[in-house]
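**Q** Next comes the structure file protein-v5.cif, holding mmCIF, C-alpha atoms.
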data_structure
#
loop_
_atom_site.label_atom_id
_atom_site.label_comp_id
_atom_site.auth_asym_id
_atom_site.auth_seq_id
_atom_site.Cartn_x
_atom_site.Cartn_y
_atom_site.Cartn_z
CA MET R 1 0.00 0.00 0.00
CA ALA R 2 1.28 3.48 -0.94
CA THR R 3 1.99 6.12 1.63
CA PRO R 4 0.10 9.42 1.48
CA ALA R 5 3.25 11.16 0.19
CA GLU R 6 3.61 8.60 -2.62
CA GLU R 7 -0.06 9.07 -3.55
CA VAL R 8 0.45 12.84 -3.74
CA TRP R 9 3.53 12.42 -5.96
CA ALA R 10 1.58 10.04 -8.21
CA LEU R 11 -1.17 12.66 -8.55
CA PHE R 12 1.44 15.32 -9.38
CA ARG R 13 2.96 13.07 -12.09
CA GLU R 14 -0.48 12.31 -13.54
CA THR R 15 -1.40 16.01 -13.55
CA ASP R 16 1.94 16.88 -15.11
CA GLN R 17 1.38 14.30 -17.89
CA ARG R 18 -2.13 15.61 -18.60
CA LEU R 19 -0.88 19.21 -18.76
CA ARG R 20 1.89 18.21 -21.19
CA GLN R 21 -0.66 16.47 -23.43
CA ARG R 22 -2.90 19.55 -23.39
CA PHE R 23 0.02 21.85 -24.18
CA GLU R 24 1.02 19.62 -27.11
CA GLU R 25 -2.57 19.61 -28.38
CA THR R 26 -2.73 23.41 -28.01
CA ASP R 27 0.59 23.78 -29.88
CA ARG R 28 -0.77 21.64 -32.76
CA LYS R 29 -3.95 23.72 -32.94
CA ILE R 30 -1.97 26.97 -32.94
CA ALA R 31 0.28 25.66 -35.73
CA THR R 32 -2.76 24.69 -37.82
CA LEU R 33 -4.40 28.06 -37.22
CA SER R 34 -1.17 29.90 -38.10
CA GLU R 35 -0.96 27.99 -41.36
CA LEU R 36 -4.57 28.85 -42.23
CA ILE R 37 -4.02 32.53 -41.41
CA GLY R 38 -0.83 32.53 -43.51
CA ARG R 39 -2.68 31.09 -46.49
CA GLN R 40 -5.40 33.72 -46.10
CA GLY R 41 -2.76 36.47 -45.99
CA ASN R 42 -1.17 35.10 -49.16
CA ARG R 43 -4.55 35.13 -50.89
CA LEU R 44 -5.09 38.78 -49.96
CA GLY R 45 -1.63 39.57 -51.34
CA GLU R 46 -2.48 37.73 -54.55
CA PHE R 47 -5.74 39.70 -54.77
CA VAL R 48 -3.87 43.00 -54.44
CA GLN R 49 -1.34 41.86 -57.03
CA GLU R 50 -4.12 41.02 -59.48
CA MET R 51 -5.72 44.42 -58.87
CA VAL R 52 -2.44 46.25 -59.47
CA ARG R 53 -1.14 44.25 -62.45
CA PRO R 54 -3.52 45.56 -65.14
CA THR R 55 -3.46 49.09 -63.72
CA VAL R 56 0.28 49.58 -63.29
CA VAL R 57 0.83 49.93 -67.05
CA ARG R 58 -1.64 52.81 -67.36
CA LEU R 59 -0.48 54.52 -64.18
CA LEU R 60 3.20 54.44 -65.11
CA ARG R 61 2.45 55.58 -68.66
CA GLU R 62 0.55 58.54 -67.22
CA ARG R 63 3.78 59.40 -65.38
CA GLY R 64 5.75 59.34 -68.62
CA LEU R 65 7.12 55.83 -68.25
CA PRO R 66 6.15 53.71 -71.27
CA VAL R 67 5.63 50.19 -69.94
CA HIS R 68 5.30 47.32 -72.42
CA GLN R 69 5.27 44.26 -70.15
CA VAL R 70 4.35 43.22 -66.65
CA ALA R 71 5.91 40.02 -65.37
CA PRO R 72 4.39 38.57 -62.18
CA ASN R 73 6.14 36.57 -59.46
CA LEU R 74 9.84 36.69 -60.29
CA THR R 75 11.92 34.46 -58.05
CA ALA R 76 15.71 34.20 -57.84
CA TYR R 77 17.48 31.16 -56.38
CA ASP R 78 21.02 30.62 -55.16
CA ASP R 79 23.19 27.67 -56.23
CA ASN R 80 21.63 25.52 -53.48
CA GLY R 81 18.11 26.13 -54.73
CA GLN R 82 17.21 28.50 -51.88
CA VAL R 83 15.03 31.52 -52.66
CA ILE R 84 17.09 34.71 -52.39
CA ALA R 85 14.66 37.25 -53.85
CA GLU R 86 11.03 37.53 -54.89
CA ILE R 87 9.38 40.34 -56.82
CA ASP R 88 5.58 40.48 -57.03
CA LEU R 89 5.41 42.44 -60.30
CA LEU R 90 8.07 43.73 -62.68
CA ALA R 91 6.87 46.42 -65.11
CA LEU R 92 9.25 46.76 -68.07
CA ASN R 93 10.19 48.52 -71.23
CA ASP R 94 13.51 48.24 -73.09
CA GLN R 95 15.47 50.36 -70.61
CA VAL R 96 13.49 50.67 -67.37
CA ALA R 97 12.23 48.08 -64.89
CA VAL R 98 9.89 48.92 -62.01
CA ALA R 99 9.85 46.33 -59.23
CA VAL R 100 6.49 46.42 -57.43
CA GLU R 101 5.80 44.97 -53.96
CA CYS R 102 2.08 44.28 -53.34
CA LYS R 103 0.53 43.97 -49.88
CA SER R 104 -2.98 43.96 -48.51
CA HIS R 105 -1.86 46.27 -45.66
CA LEU R 106 1.43 48.03 -46.41
CA SER R 107 3.68 48.68 -43.41
CA LEU R 108 6.97 50.47 -42.79
CA ASP R 109 8.63 47.05 -42.47
CA ASP R 110 7.29 46.10 -45.92
CA VAL R 111 8.75 49.28 -47.41
CA ASN R 112 12.13 48.68 -45.76
CA ALA R 113 12.17 45.05 -46.94
CA HIS R 114 11.45 46.18 -50.49
CA LEU R 115 14.21 48.78 -50.33
CA ALA R 116 16.61 45.99 -49.30
CA ARG R 117 15.40 43.84 -52.22
CA LEU R 118 15.94 46.72 -54.63
CA ALA R 119 19.51 47.13 -53.36
CA THR R 120 20.33 43.52 -54.33
CA PHE R 121 17.94 43.18 -57.29
CA LYS R 122 20.57 43.37 -60.06
CA ASP R 123 22.76 40.76 -58.34
CA CYS R 124 19.77 38.44 -57.95
CA PHE R 125 18.37 39.10 -61.43
CA PRO R 126 21.48 39.77 -63.59
CA ARG R 127 19.39 39.80 -66.77
CA TYR R 128 18.25 43.30 -65.74
CA ARG R 129 21.69 44.76 -64.85
CA SER R 130 21.61 47.23 -67.73
CA TYR R 131 18.13 48.47 -66.84
CA GLN R 132 17.35 51.62 -64.92
CA LEU R 133 15.64 50.09 -61.86
CA LEU R 134 12.83 51.91 -60.07
CA GLY R 135 10.73 50.72 -57.16
CA ALA R 136 7.06 50.82 -56.24
CA VAL R 137 4.90 49.62 -53.37
CA ALA R 138 1.19 48.90 -53.61
CA GLY R 139 -1.52 48.13 -51.11
CA MET R 140 -5.22 48.03 -50.43
CA VAL R 141 -4.51 49.79 -47.14
CA VAL R 142 -1.60 52.24 -47.12
CA PRO R 143 -1.43 54.38 -43.98
CA ASP R 144 -0.44 58.00 -44.62
CA GLN R 145 2.84 57.73 -42.68
CA VAL R 146 3.83 54.66 -44.71
CA SER R 147 2.94 56.44 -47.94
CA ARG R 148 5.04 59.49 -46.98
CA PHE R 149 7.97 57.29 -45.93
CA ALA R 150 7.93 55.34 -49.21
CA ASP R 151 7.65 58.58 -51.20
CA ARG R 152 10.67 60.06 -49.35
CA LYS R 153 12.63 56.88 -50.13
CA GLY R 154 11.94 57.35 -53.84
CA LEU R 155 9.29 54.67 -54.34
CA PHE R 156 6.11 55.02 -56.34
CA VAL R 157 3.17 54.50 -53.98
CA LEU R 158 0.11 52.78 -55.47
CA ALA R 159 -2.96 52.57 -53.27
CA GLN R 160 -6.61 51.77 -53.49
CA SER R 161 -8.87 54.78 -53.80
CA GLY R 162 -12.53 53.85 -53.98
CA GLN R 163 -12.75 51.14 -56.60
CA ALA R 164 -9.54 52.07 -58.40
CA ILE R 165 -5.80 52.10 -57.84
CA GLU R 166 -3.99 55.43 -57.97
CA ILE R 167 -0.44 56.72 -57.62
CA ARG R 168 -0.25 58.73 -54.41
CA ASN R 169 3.00 60.52 -55.26
CA ASP R 170 2.45 64.10 -56.38
CA ALA R 171 3.31 65.28 -59.89
CA ARG R 172 6.74 66.60 -58.76
CA PHE R 173 7.83 63.16 -57.49
CA GLN R 174 11.18 61.95 -58.82
CA PRO R 175 11.71 58.20 -58.34
CA ARG R 176 15.00 56.89 -57.00
CA THR R 177 17.10 54.83 -59.39
CA TRP R 178 18.95 51.69 -58.40
#
In structure tokens, how does this file's structure come out?
**A**
Amino acid sequence: MATPAEEVWALFRETDQRLRQRFEETDRKIATLSELIGRQGNRLGEFVQEMVRPTVVRLLRERGLPVHQVAPNLTAYDDNGQVIAEIDLLALNDQVAVAVECKSHLSLDDVNAHLARLATFKDCFPRYRSYQLLGAVAGMVVPDQVSRFADRKGLFVLAQSGQAIEIRNDARFQPRTW
């Protein structure tokens, strides 16, 4: 027969085991939910990209930049097959390429990440080394401070306005060249 102390320790071990099982179950549920949320976020990004793609040609042409092609989803890989750069949209003519980052809700971090991509773009995509590279960010929701920051950094800012996409930069805007 077990002593009262041994019975208490047995209860502690049993409780500990049950708690571990519940934590593991909770961790699995959180992982599943995170995956579902991630997929939903990707779909919103794809939606924004599909809204911007047909409009970016007209908008850039209105700014004096004749665009002849828009290539979606460019991906660069290193020698080990690892992704080193992704561009949502690349608007092109014979001399100029505009790399566009599309987000459902554009943040300062998104702008900074795109600036970093632009800095390494020609190394990642050597085919475009001779091009004048410009940058743009686009979003369904673009807070004013994010828009101003991107504008100051030399990026075109494309944002939803009603049922259309517009360029938020004023007419005096001069894009930065990479």
**Q** So which residues touch segment 151-159 of chain R within 6 Å, counting all atoms listed in the file, skipping near sequence neighbours fewer than 6 positions away, as a list in words?
**A**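 Counting all atoms listed in the file, the residues come to Gly135, Ala136, Val137, Ala138, Gly139, Met140, Ile165, Glu166, Ile167, Arg168, Pro175 and Arg176 of chain R.
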**Q** Could you work out how far atom CA of Arg172 of chain R lies from atom CA of Val48 of chain R, giving the answer in Å with one decimal?
**A**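 Result for atom CA of Val48 of chain R versus atom CA of Arg172 of chain R: 26.2 Å, one decimal.
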**Q** I'd like the residues picked by the PyMOL selection byres ((chain R and resi 76) around 8) written out as a list in words, using the chain letters and numbers from the file.
**A** Leu74, Thr75, Tyr77, Asp78, Val83, Ile84, Ala85, Glu86, Cys124 and Phe125 of chain R
**Q** How many Å separate atom CA of Ile87 of chain R from atom CA of Asp144 of chain R?
**A**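 About the pair atom CA of Ile87 of chain R and atom CA of Asp144 of chain R: they are 23.6 Å apart.
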**Q** Would you kindly return, as a VMD selection string, each protein, DNA or RNA residue with an atom no farther than 9 Å from any atom of Ser130 of chain R, considering only C-alpha atoms and excluding same-chain residues fewer than 4 positions away?
**A** chain R and resid 95 to 96 122 126
**Q** Using all atoms listed in the file, which of R:Gly81, R:Pro143, R:Pro66, R:Pro72 sits nearest Arg53 of chain R?
**A**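 Closest candidate: R:Pro72.
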**Q** Quick check on the file I pasted: which residues fall under the PyMOL selection byres ((chain R and resi 67) around 9)? Write them as a VMD selection string.
**A** chain R and resid 56 to 58 60 to 61 65 to 66 68 to 70 91 to 94 96 to 97
**Q** Kindly export the residues of the current selection with C-alpha atoms, as a PDB file, keeping the file's coordinate frame.
**A**
ATOM      1  CA  VAL R  56       0.280  49.580 -63.290  1.00  0.00           C
ATOM      2  CA  VAL R  57       0.830  49.930 -67.050  1.00  0.00           C
ATOM      3  CA  ARG R  58      -1.640  52.810 -67.360  1.00  0.00           C
ATOM      4  CA  LEU R  60       3.200  54.440 -65.110  1.00  0.00           C
ATOM      5  CA  ARG R  61       2.450  55.580 -68.660  1.00  0.00           C
ATOM      6  CA  LEU R  65       7.120  55.830 -68.250  1.00  0.00           C
ATOM      7  CA  PRO R  66       6.150  53.710 -71.270  1.00  0.00           C
ATOM      8  CA  HIS R  68       5.300  47.320 -72.420  1.00  0.00           C
ATOM      9  CA  GLN R  69       5.270  44.260 -70.150  1.00  0.00           C
ATOM     10  CA  VAL R  70       4.350  43.220 -66.650  1.00  0.00           C
ATOM     11  CA  ALA R  91       6.870  46.420 -65.110  1.00  0.00           C
ATOM     12  CA  LEU R  92       9.250  46.760 -68.070  1.00  0.00           C
ATOM     13  CA  ASN R  93      10.190  48.520 -71.230  1.00  0.00           C
ATOM     14  CA  ASP R  94      13.510  48.240 -73.090  1.00  0.00           C
ATOM     15  CA  VAL R  96      13.490  50.670 -67.370  1.00  0.00           C
ATOM     16  CA  ALA R  97      12.230  48.080 -64.890  1.00  0.00           C
TER      17      ALA R  97
END
**Q** How many Å separate atom CA of Glu101 of chain R from atom CA of Leu118 of chain R?
**A** 10.3 Å
**Q** May I have the residues at most 10 Å from (14.6, 50.6, -48.4) in the file's coordinates, counting all atoms listed in the file, as a PyMOL selection string?
**A** chain R and resi 108-119+135+149-150+153-155
**Q** With distances taken over only C-alpha atoms, which residue among R:Trp178, R:Ser147, R:Gln82, R:Gln163 lies nearest Asp123 of chain R?
**A**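 Of the candidates, the smallest distance to Asp123 of chain R is held by R:Trp178.
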**Q** Between R:Thr3, R:Ser104, R:Gln132, R:Gln17, single out the one closest to Gln160 of chain R, counting only C-alpha atoms.
**A**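 The shortest atom-to-atom distance to Gln160 of chain R comes from R:Ser104.
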